[in-house]
>>> print(open('target04.txt').read())   # compact mmCIF, C-alpha atoms
# COMPACT_ATOMS: atom_id res chain seq x y z
CA MET N 1 -22.41 -15.95 -44.30
CA HIS N 2 -20.97 -19.33 -45.36
CA GLU N 3 -23.47 -21.38 -43.38
CA HIS N 4 -26.25 -19.74 -45.35
CA HIS N 5 -24.62 -20.93 -48.55
CA ASP N 6 -24.55 -24.59 -47.51
CA HIS N 7 -28.16 -24.31 -46.56
CA GLU N 8 -28.89 -23.05 -50.06
CA HIS N 9 -27.22 -26.12 -51.49
CA ASP N 10 -29.32 -28.53 -49.41
CA HIS N 11 -32.34 -26.56 -50.40
CA THR N 12 -31.50 -27.04 -54.08
CA HIS N 13 -31.04 -30.75 -53.53
CA ASP N 14 -34.44 -31.01 -51.83
CA GLU N 15 -36.07 -29.02 -54.60
CA ILE N 16 -34.71 -31.43 -57.21
CA LYS N 17 -35.92 -34.44 -55.23
CA GLU N 18 -39.32 -32.86 -54.80
CA ALA N 19 -39.52 -31.98 -58.50
CA VAL N 20 -38.61 -35.54 -59.49
CA GLU N 21 -41.33 -36.84 -57.16
CA ARG N 22 -43.82 -34.49 -58.77
CA LEU N 23 -42.84 -35.72 -62.22
CA LYS N 24 -43.16 -39.36 -61.16
CA SER N 25 -46.57 -38.81 -59.65
CA SER N 26 -47.66 -37.20 -62.92
CA GLY N 27 -46.52 -40.30 -64.78
CA VAL N 28 -43.67 -38.54 -66.56
CA ARG N 29 -40.64 -40.69 -67.37
CA ILE N 30 -37.46 -39.31 -65.84
CA THR N 31 -34.85 -39.51 -68.58
CA PRO N 32 -31.29 -38.38 -67.82
CA GLN N 33 -31.91 -35.39 -70.08
CA ARG N 34 -35.06 -34.40 -68.24
CA HIS N 35 -33.26 -34.69 -64.95
CA ALA N 36 -30.45 -32.50 -66.25
CA VAL N 37 -32.84 -29.86 -67.61
CA LEU N 38 -34.70 -29.83 -64.31
CA GLU N 39 -31.51 -29.58 -62.29
CA TYR N 40 -30.29 -26.71 -64.43
CA LEU N 41 -33.56 -24.81 -64.00
CA ILE N 42 -33.54 -25.28 -60.25
CA GLU N 43 -29.88 -24.38 -59.75
CA LYS N 44 -29.75 -21.37 -62.02
CA GLU N 45 -31.99 -18.64 -60.79
CA THR N 46 -31.44 -16.77 -64.03
CA HIS N 47 -34.61 -17.92 -65.83
CA PRO N 48 -32.79 -19.48 -68.77
CA THR N 49 -34.17 -19.67 -72.28
CA ALA N 50 -34.42 -23.08 -73.95
CA ASP N 51 -31.33 -22.07 -75.88
CA ASP N 52 -29.36 -21.34 -72.69
CA ILE N 53 -30.26 -24.75 -71.34
CA TYR N 54 -29.33 -26.45 -74.58
CA LYS N 55 -25.93 -24.74 -74.67
CA ALA N 56 -25.26 -25.64 -71.06
CA LEU N 57 -26.11 -29.32 -71.54
CA GLU N 58 -25.02 -30.11 -75.09
CA GLU N 59 -21.59 -31.37 -74.03
CA LYS N 60 -23.11 -33.81 -71.61
CA PHE N 61 -25.79 -34.90 -74.09
CA PRO N 62 -24.29 -34.61 -77.58
CA ASN N 63 -27.39 -36.02 -79.26
CA MET N 64 -29.77 -33.59 -77.61
CA SER N 65 -31.33 -30.88 -79.76
CA VAL N 66 -32.95 -27.57 -78.87
CA ALA N 67 -36.24 -29.25 -79.77
CA THR N 68 -35.64 -31.88 -77.08
CA VAL N 69 -35.11 -29.14 -74.55
CA TYR N 70 -38.31 -27.41 -75.64
CA ASN N 71 -40.28 -30.64 -75.44
CA ASN N 72 -39.00 -31.30 -71.94
CA LEU N 73 -39.83 -27.77 -70.86
CA ARG N 74 -43.30 -28.17 -72.30
CA VAL N 75 -43.80 -31.36 -70.30
CA PHE N 76 -42.67 -29.57 -67.12
CA LYS N 77 -44.92 -26.65 -67.93
CA ASP N 78 -47.97 -28.83 -68.51
CA ILE N 79 -47.72 -30.32 -65.03
CA GLY N 80 -47.09 -26.91 -63.49
CA LEU N 81 -43.47 -27.49 -62.54
CA VAL N 82 -42.17 -24.68 -64.68
CA LYS N 83 -43.55 -21.30 -65.70
CA GLU N 84 -42.93 -19.83 -69.10
CA LEU N 85 -42.18 -16.14 -68.81
CA THR N 86 -42.84 -14.04 -71.83
CA TYR N 87 -41.94 -10.43 -71.31
CA GLY N 88 -42.45 -9.43 -74.92
CA ASP N 89 -38.85 -10.24 -75.76
CA VAL N 90 -37.84 -12.75 -78.37
CA SER N 91 -37.41 -16.04 -76.56
CA SER N 92 -39.38 -17.26 -73.58
CA ARG N 93 -37.54 -17.72 -70.36
CA PHE N 94 -38.36 -20.60 -68.08
CA ASP N 95 -38.72 -20.36 -64.37
CA TYR N 96 -38.85 -23.25 -61.94
CA ASN N 97 -42.09 -22.73 -60.10
CA THR N 98 -41.06 -22.40 -56.49
CA THR N 99 -42.77 -20.64 -53.67
CA LYS N 100 -43.71 -16.99 -53.78
CA HIS N 101 -41.22 -14.83 -55.52
CA TYR N 102 -41.36 -11.79 -57.68
CA HIS N 103 -39.31 -10.70 -60.62
CA VAL N 104 -37.06 -7.70 -60.71
CA ILE N 105 -36.36 -6.93 -64.35
CA CYS N 106 -33.51 -4.87 -65.72
CA GLU N 107 -34.71 -2.36 -68.27
CA SER N 108 -31.30 -2.20 -69.94
CA CYS N 109 -30.32 -5.84 -70.47
CA GLY N 110 -33.58 -7.66 -69.73
CA LYS N 111 -32.10 -9.79 -66.94
CA ILE N 112 -34.72 -11.15 -64.55
CA VAL N 113 -33.80 -11.69 -60.92
CA ASP N 114 -35.89 -13.43 -58.27
CA PHE N 115 -36.90 -11.50 -55.23
CA HIS N 116 -38.42 -13.55 -52.42
CA TYR N 117 -41.07 -11.78 -50.45
CA PRO N 118 -43.76 -13.89 -48.91
CA SER N 119 -46.28 -11.54 -47.40
CA LEU N 120 -48.13 -10.26 -50.45
CA ASP N 121 -50.77 -12.90 -49.78
CA GLU N 122 -52.36 -10.21 -47.66
CA VAL N 123 -52.79 -8.14 -50.80
CA GLU N 124 -54.78 -10.94 -52.42
CA ALA N 125 -56.93 -11.37 -49.35
CA LEU N 126 -57.57 -7.64 -49.16
CA ALA N 127 -58.36 -7.46 -52.88
CA GLU N 128 -60.96 -10.20 -52.41
CA THR N 129 -62.52 -8.42 -49.47
CA VAL N 130 -62.66 -5.07 -51.20
CA THR N 131 -63.78 -6.18 -54.66
CA GLY N 132 -65.66 -9.40 -54.01
CA PHE N 133 -63.47 -11.14 -56.60
CA GLU N 134 -62.22 -14.64 -56.11
CA VAL N 135 -58.54 -13.96 -56.66
CA SER N 136 -56.55 -16.69 -58.38
CA HIS N 137 -53.13 -15.06 -58.47
CA HIS N 138 -51.30 -11.82 -58.99
CA ARG N 139 -48.20 -10.68 -60.79
CA LEU N 140 -45.81 -8.14 -59.45
CA GLU N 141 -42.97 -6.99 -61.62
CA ILE N 142 -40.33 -4.59 -60.45
CA TYR N 143 -38.28 -2.71 -63.02
CA GLY N 144 -34.91 -1.02 -62.73
CA THR N 145 -31.27 -1.14 -63.71
CA CYS N 146 -29.18 -4.10 -62.59
CA PRO N 147 -25.75 -3.66 -60.92
CA ASP N 148 -23.89 -4.68 -64.09
CA CYS N 149 -25.70 -2.13 -66.23
CA LYS N 150 -25.30 0.54 -63.56
CA GLU N 151 -21.53 0.09 -63.73
CA LYS N 152 -21.52 0.50 -67.50
CA HIS N 153 -23.11 3.94 -67.33
>>> encode(input="target04.txt", output="structure tokens")
Amino acid sequence: MHEHHDHEHDHTHDEIKEAVERLKSSGVRITPQRHAVLEYLIEKETHPTADDIYKALEEKFPNMSVATVYNNLRVFKDIGLVKELTYGDVSSRFDYNTTKHYHVICESCGKIVDFHYPSLDEVEALAETVTGFEVSHHRLEIYGTCPDCKEKH
């Protein structure tokens, strides 16, 4: 299993490089703070809130405010690098916009976990064929109880 883990790390590194390239090509200045926010989003698959990111980075950047984090996230969102997830709870969570993945959401604690499953493209194609729609995207959300909450019961 360990080999898989190293591969994950390389993958993260590539994602960050790719994200930085995407920012550059959109004319966005890469400040150390932006880089750190981006890195945090890519490494943590927990869909952090702006507050989570701020707390994680405030030691490194003492003069950073939650507003700075929000502004950076908004910049990332505008160029399509990050998705803002609002599931009717208080604060938005932010998700680095990688390839196809779906969200499995815990009904007890609200945790959102990524679930990679590529082949639902067929569903879009079929939907187009059957309905005549031009499909732009779909959302699949899976609900349940996460392992931590299961243990508490």
>>> closest_atom_pairs(input="target04.txt", of="stretch 6-63 of chain N", to="stretch 75-81 of chain N", cutoff="8 Å", atoms="all atoms listed in the file", output="JSON lines")
{"residue": "N:Ala19", "atom": "CA", "partner": "N:Leu81", "partner_atom": "CA", "distance": 7.2}
{"residue": "N:Arg22", "atom": "CA", "partner": "N:Leu81", "partner_atom": "CA", "distance": 8.0}
{"residue": "N:Leu23", "atom": "CA", "partner": "N:Ile79", "partner_atom": "CA", "distance": 7.8}
{"residue": "N:Ser26", "atom": "CA", "partner": "N:Ile79", "partner_atom": "CA", "distance": 7.2}
>>> atom_distance(input="target04.txt", atom1="atom CA of N:Phe115", atom2="atom CA of N:Val66")
28.9 Å
>>> atom_distance(input="target04.txt", atom1="atom CA of N:Glu151", atom2="atom CA of N:Lys111")
14.8 Å
>>> residues_around(input="target04.txt", residues="N:Ile16", least_positions_apart="2", cutoff="10 Å", atoms="only C-alpha atoms", output="PyMOL selection string")
chain N and resi 10-14+18-22+35+38-43
>>> residues_around(input="target04.txt", residues="N:Ser108", least_positions_apart="6", cutoff="12 Å", atoms="all atoms listed in the file", output="PyMOL selection string")
chain N and resi 143-153
>>> residues_around(input="target04.txt", residues="N:Asn63", least_positions_apart="6", cutoff="12 Å", atoms="all atoms listed in the file", output="PyMOL selection string")
chain N and resi 33+54+57+69
>>> decode(input="target04.txt", residues="stretch 5-146 of chain N", atoms="C-alpha atoms", output="mmCIF file, in the first residue's frame")
data_model
loop_
_atom_site.group_PDB
_atom_site.id
_atom_site.type_symbol
_atom_site.label_atom_id
_atom_site.label_comp_id
_atom_site.auth_asym_id
_atom_site.auth_seq_id
_atom_site.Cartn_x
_atom_site.Cartn_y
_atom_site.Cartn_z
ATOM 1 C CA HIS N 5 0.883 6.785 -0.921
ATOM 2 C CA ASP N 6 4.023 8.164 -2.575
ATOM 3 C CA HIS N 7 2.148 8.348 -5.817
ATOM 4 C CA GLU N 8 -0.490 10.433 -4.058
ATOM 5 C CA HIS N 9 2.193 12.842 -2.937
ATOM 6 C CA ASP N 10 3.578 13.323 -6.455
ATOM 7 C CA HIS N 11 0.053 13.784 -7.641
ATOM 8 C CA THR N 12 -0.477 16.583 -5.119
ATOM 9 C CA HIS N 13 2.739 18.240 -6.219
ATOM 10 C CA ASP N 14 1.657 18.115 -9.872
ATOM 11 C CA GLU N 15 -1.753 19.486 -8.991
ATOM 12 C CA ILE N 16 -0.176 22.471 -7.250
ATOM 13 C CA LYS N 17 2.120 23.128 -10.212
ATOM 14 C CA GLU N 18 -0.796 22.869 -12.593
ATOM 15 C CA ALA N 19 -2.931 25.176 -10.441
ATOM 16 C CA VAL N 20 -0.148 27.763 -10.302
ATOM 17 C CA GLU N 21 0.162 27.592 -14.088
ATOM 18 C CA ARG N 22 -3.570 28.126 -14.406
ATOM 19 C CA LEU N 23 -3.382 31.155 -12.133
ATOM 20 C CA LYS N 24 -0.474 32.618 -14.095
ATOM 21 C CA SER N 25 -2.231 32.164 -17.398
ATOM 22 C CA SER N 26 -5.242 33.975 -15.944
ATOM 23 C CA GLY N 27 -2.993 36.876 -15.007
ATOM 24 C CA VAL N 28 -3.362 36.320 -11.267
ATOM 25 C CA ARG N 29 -0.375 37.316 -9.143
ATOM 26 C CA ILE N 30 0.947 34.430 -7.088
ATOM 27 C CA THR N 31 1.541 35.834 -3.621
ATOM 28 C CA PRO N 32 2.978 33.551 -0.926
ATOM 29 C CA GLN N 33 -0.421 33.643 0.767
ATOM 30 C CA ARG N 34 -2.245 32.604 -2.382
ATOM 31 C CA HIS N 35 0.197 29.787 -2.883
ATOM 32 C CA ALA N 36 -0.334 28.629 0.688
ATOM 33 C CA VAL N 37 -4.127 28.782 0.404
ATOM 34 C CA LEU N 38 -3.979 26.838 -2.837
ATOM 35 C CA GLU N 39 -1.630 24.240 -1.402
ATOM 36 C CA TYR N 40 -3.872 23.784 1.616
ATOM 37 C CA LEU N 41 -6.946 23.286 -0.570
ATOM 38 C CA ILE N 42 -5.203 20.752 -2.755
ATOM 39 C CA GLU N 43 -3.634 18.768 0.081
ATOM 40 C CA LYS N 44 -6.641 18.641 2.362
ATOM 41 C CA GLU N 45 -9.466 16.761 0.804
ATOM 42 C CA THR N 46 -11.741 17.913 3.590
ATOM 43 C CA HIS N 47 -13.326 20.877 1.767
ATOM 44 C CA PRO N 48 -12.234 23.471 4.300
ATOM 45 C CA THR N 49 -14.165 26.617 5.100
ATOM 46 C CA ALA N 50 -12.387 29.964 4.771
ATOM 47 C CA ASP N 51 -12.124 29.910 8.545
ATOM 48 C CA ASP N 52 -10.385 26.507 8.545
ATOM 49 C CA ILE N 53 -7.859 27.786 6.037
ATOM 50 C CA TYR N 54 -7.278 30.953 8.020
ATOM 51 C CA LYS N 55 -6.682 29.005 11.232
ATOM 52 C CA ALA N 56 -4.297 26.639 9.492
ATOM 53 C CA LEU N 57 -2.223 29.430 7.954
ATOM 54 C CA GLU N 58 -2.344 32.247 10.503
ATOM 55 C CA GLU N 59 0.906 31.191 12.193
ATOM 56 C CA LYS N 60 2.762 31.275 8.917
ATOM 57 C CA PHE N 61 1.156 34.566 7.863
ATOM 58 C CA PRO N 62 0.488 36.564 11.040
ATOM 59 C CA ASN N 63 -0.822 39.576 9.118
ATOM 60 C CA MET N 64 -3.348 37.588 7.122
ATOM 61 C CA SER N 65 -7.025 38.048 7.932
ATOM 62 C CA VAL N 66 -10.054 35.890 7.219
ATOM 63 C CA ALA N 67 -10.986 38.531 4.640
ATOM 64 C CA THR N 68 -7.701 37.900 2.812
ATOM 65 C CA VAL N 69 -8.498 34.215 2.684
ATOM 66 C CA TYR N 70 -11.980 34.947 1.343
ATOM 67 C CA ASN N 71 -10.612 37.286 -1.303
ATOM 68 C CA ASN N 72 -8.108 34.688 -2.437
ATOM 69 C CA LEU N 73 -10.792 32.027 -2.577
ATOM 70 C CA ARG N 74 -12.978 34.358 -4.604
ATOM 71 C CA VAL N 75 -10.151 34.901 -7.082
ATOM 72 C CA PHE N 76 -9.668 31.125 -7.394
ATOM 73 C CA LYS N 77 -13.391 30.661 -7.794
ATOM 74 C CA ASP N 78 -13.693 33.277 -10.517
ATOM 75 C CA ILE N 79 -11.164 31.483 -12.694
ATOM 76 C CA GLY N 80 -12.768 28.118 -11.997
ATOM 77 C CA LEU N 81 -9.963 26.694 -9.894
ATOM 78 C CA VAL N 82 -12.116 26.240 -6.834
ATOM 79 C CA LYS N 83 -15.765 25.405 -6.293
ATOM 80 C CA GLU N 84 -17.768 26.898 -3.481
ATOM 81 C CA LEU N 85 -19.984 24.262 -1.919
ATOM 82 C CA THR N 86 -23.019 25.472 -0.116
ATOM 83 C CA TYR N 87 -25.007 22.678 1.420
ATOM 84 C CA GLY N 88 -27.370 24.930 3.318
ATOM 85 C CA ASP N 89 -25.072 24.995 6.321
ATOM 86 C CA VAL N 90 -23.599 28.141 7.760
ATOM 87 C CA SER N 91 -20.247 28.616 6.076
ATOM 88 C CA SER N 92 -19.346 27.688 2.530
ATOM 89 C CA ARG N 93 -16.784 25.009 2.042
ATOM 90 C CA PHE N 94 -14.270 25.248 -0.741
ATOM 91 C CA ASP N 95 -13.274 22.433 -2.990
ATOM 92 C CA TYR N 96 -10.300 22.370 -5.315
ATOM 93 C CA ASN N 97 -11.819 21.634 -8.683
ATOM 94 C CA THR N 98 -10.152 18.428 -9.763
ATOM 95 C CA THR N 99 -11.379 15.771 -12.091
ATOM 96 C CA LYS N 100 -14.649 13.965 -11.625
ATOM 97 C CA HIS N 101 -15.502 13.246 -8.071
ATOM 98 C CA TYR N 102 -18.637 13.107 -6.043
ATOM 99 C CA HIS N 103 -19.388 14.055 -2.504
ATOM 100 C CA VAL N 104 -20.389 11.687 0.223
ATOM 101 C CA ILE N 105 -21.913 13.745 3.005
ATOM 102 C CA CYS N 106 -22.350 12.710 6.613
ATOM 103 C CA GLU N 107 -25.829 13.487 7.867
ATOM 104 C CA SER N 108 -24.653 13.641 11.474
ATOM 105 C CA CYS N 109 -21.606 15.922 11.393
ATOM 106 C CA GLY N 110 -21.797 17.398 7.891
ATOM 107 C CA LYS N 111 -18.363 16.134 6.848
ATOM 108 C CA ILE N 112 -17.938 15.926 3.077
ATOM 109 C CA VAL N 113 -15.676 13.257 1.626
ATOM 110 C CA ASP N 114 -14.578 12.921 -1.993
ATOM 111 C CA PHE N 115 -15.452 9.787 -3.839
ATOM 112 C CA HIS N 116 -13.737 9.347 -7.201
ATOM 113 C CA TYR N 117 -15.808 7.591 -9.790
ATOM 114 C CA PRO N 118 -15.178 8.486 -13.381
ATOM 115 C CA SER N 119 -17.775 6.692 -15.435
ATOM 116 C CA LEU N 120 -20.884 8.759 -14.792
ATOM 117 C CA ASP N 121 -20.153 10.598 -18.028
ATOM 118 C CA GLU N 122 -22.258 7.883 -19.593
ATOM 119 C CA VAL N 123 -25.194 9.128 -17.553
ATOM 120 C CA GLU N 124 -24.825 12.587 -19.081
ATOM 121 C CA ALA N 125 -24.574 11.171 -22.569
ATOM 122 C CA LEU N 126 -27.633 9.008 -22.013
ATOM 123 C CA ALA N 127 -29.580 11.919 -20.522
ATOM 124 C CA GLU N 128 -28.830 13.950 -23.648
ATOM 125 C CA THR N 129 -29.931 11.153 -25.919
ATOM 126 C CA VAL N 130 -33.142 10.494 -24.037
ATOM 127 C CA THR N 131 -34.221 14.081 -23.346
ATOM 128 C CA GLY N 132 -32.640 16.052 -26.165
ATOM 129 C CA PHE N 133 -31.087 18.383 -23.589
ATOM 130 C CA GLU N 134 -27.611 19.729 -23.971
ATOM 131 C CA VAL N 135 -26.253 18.665 -20.599
ATOM 132 C CA SER N 136 -23.754 20.992 -18.966
ATOM 133 C CA HIS N 137 -23.086 19.085 -15.753
ATOM 134 C CA HIS N 138 -24.660 17.015 -13.039
ATOM 135 C CA ARG N 139 -24.432 16.774 -9.294
ATOM 136 C CA LEU N 140 -24.487 13.567 -7.392
ATOM 137 C CA GLU N 141 -24.551 13.674 -3.639
ATOM 138 C CA ILE N 142 -24.429 10.601 -1.489
ATOM 139 C CA TYR N 143 -25.617 10.806 2.098
ATOM 140 C CA GLY N 144 -24.886 8.601 5.074
ATOM 141 C CA THR N 145 -23.126 8.338 8.406
ATOM 142 C CA CYS N 146 -19.344 8.644 8.491
#
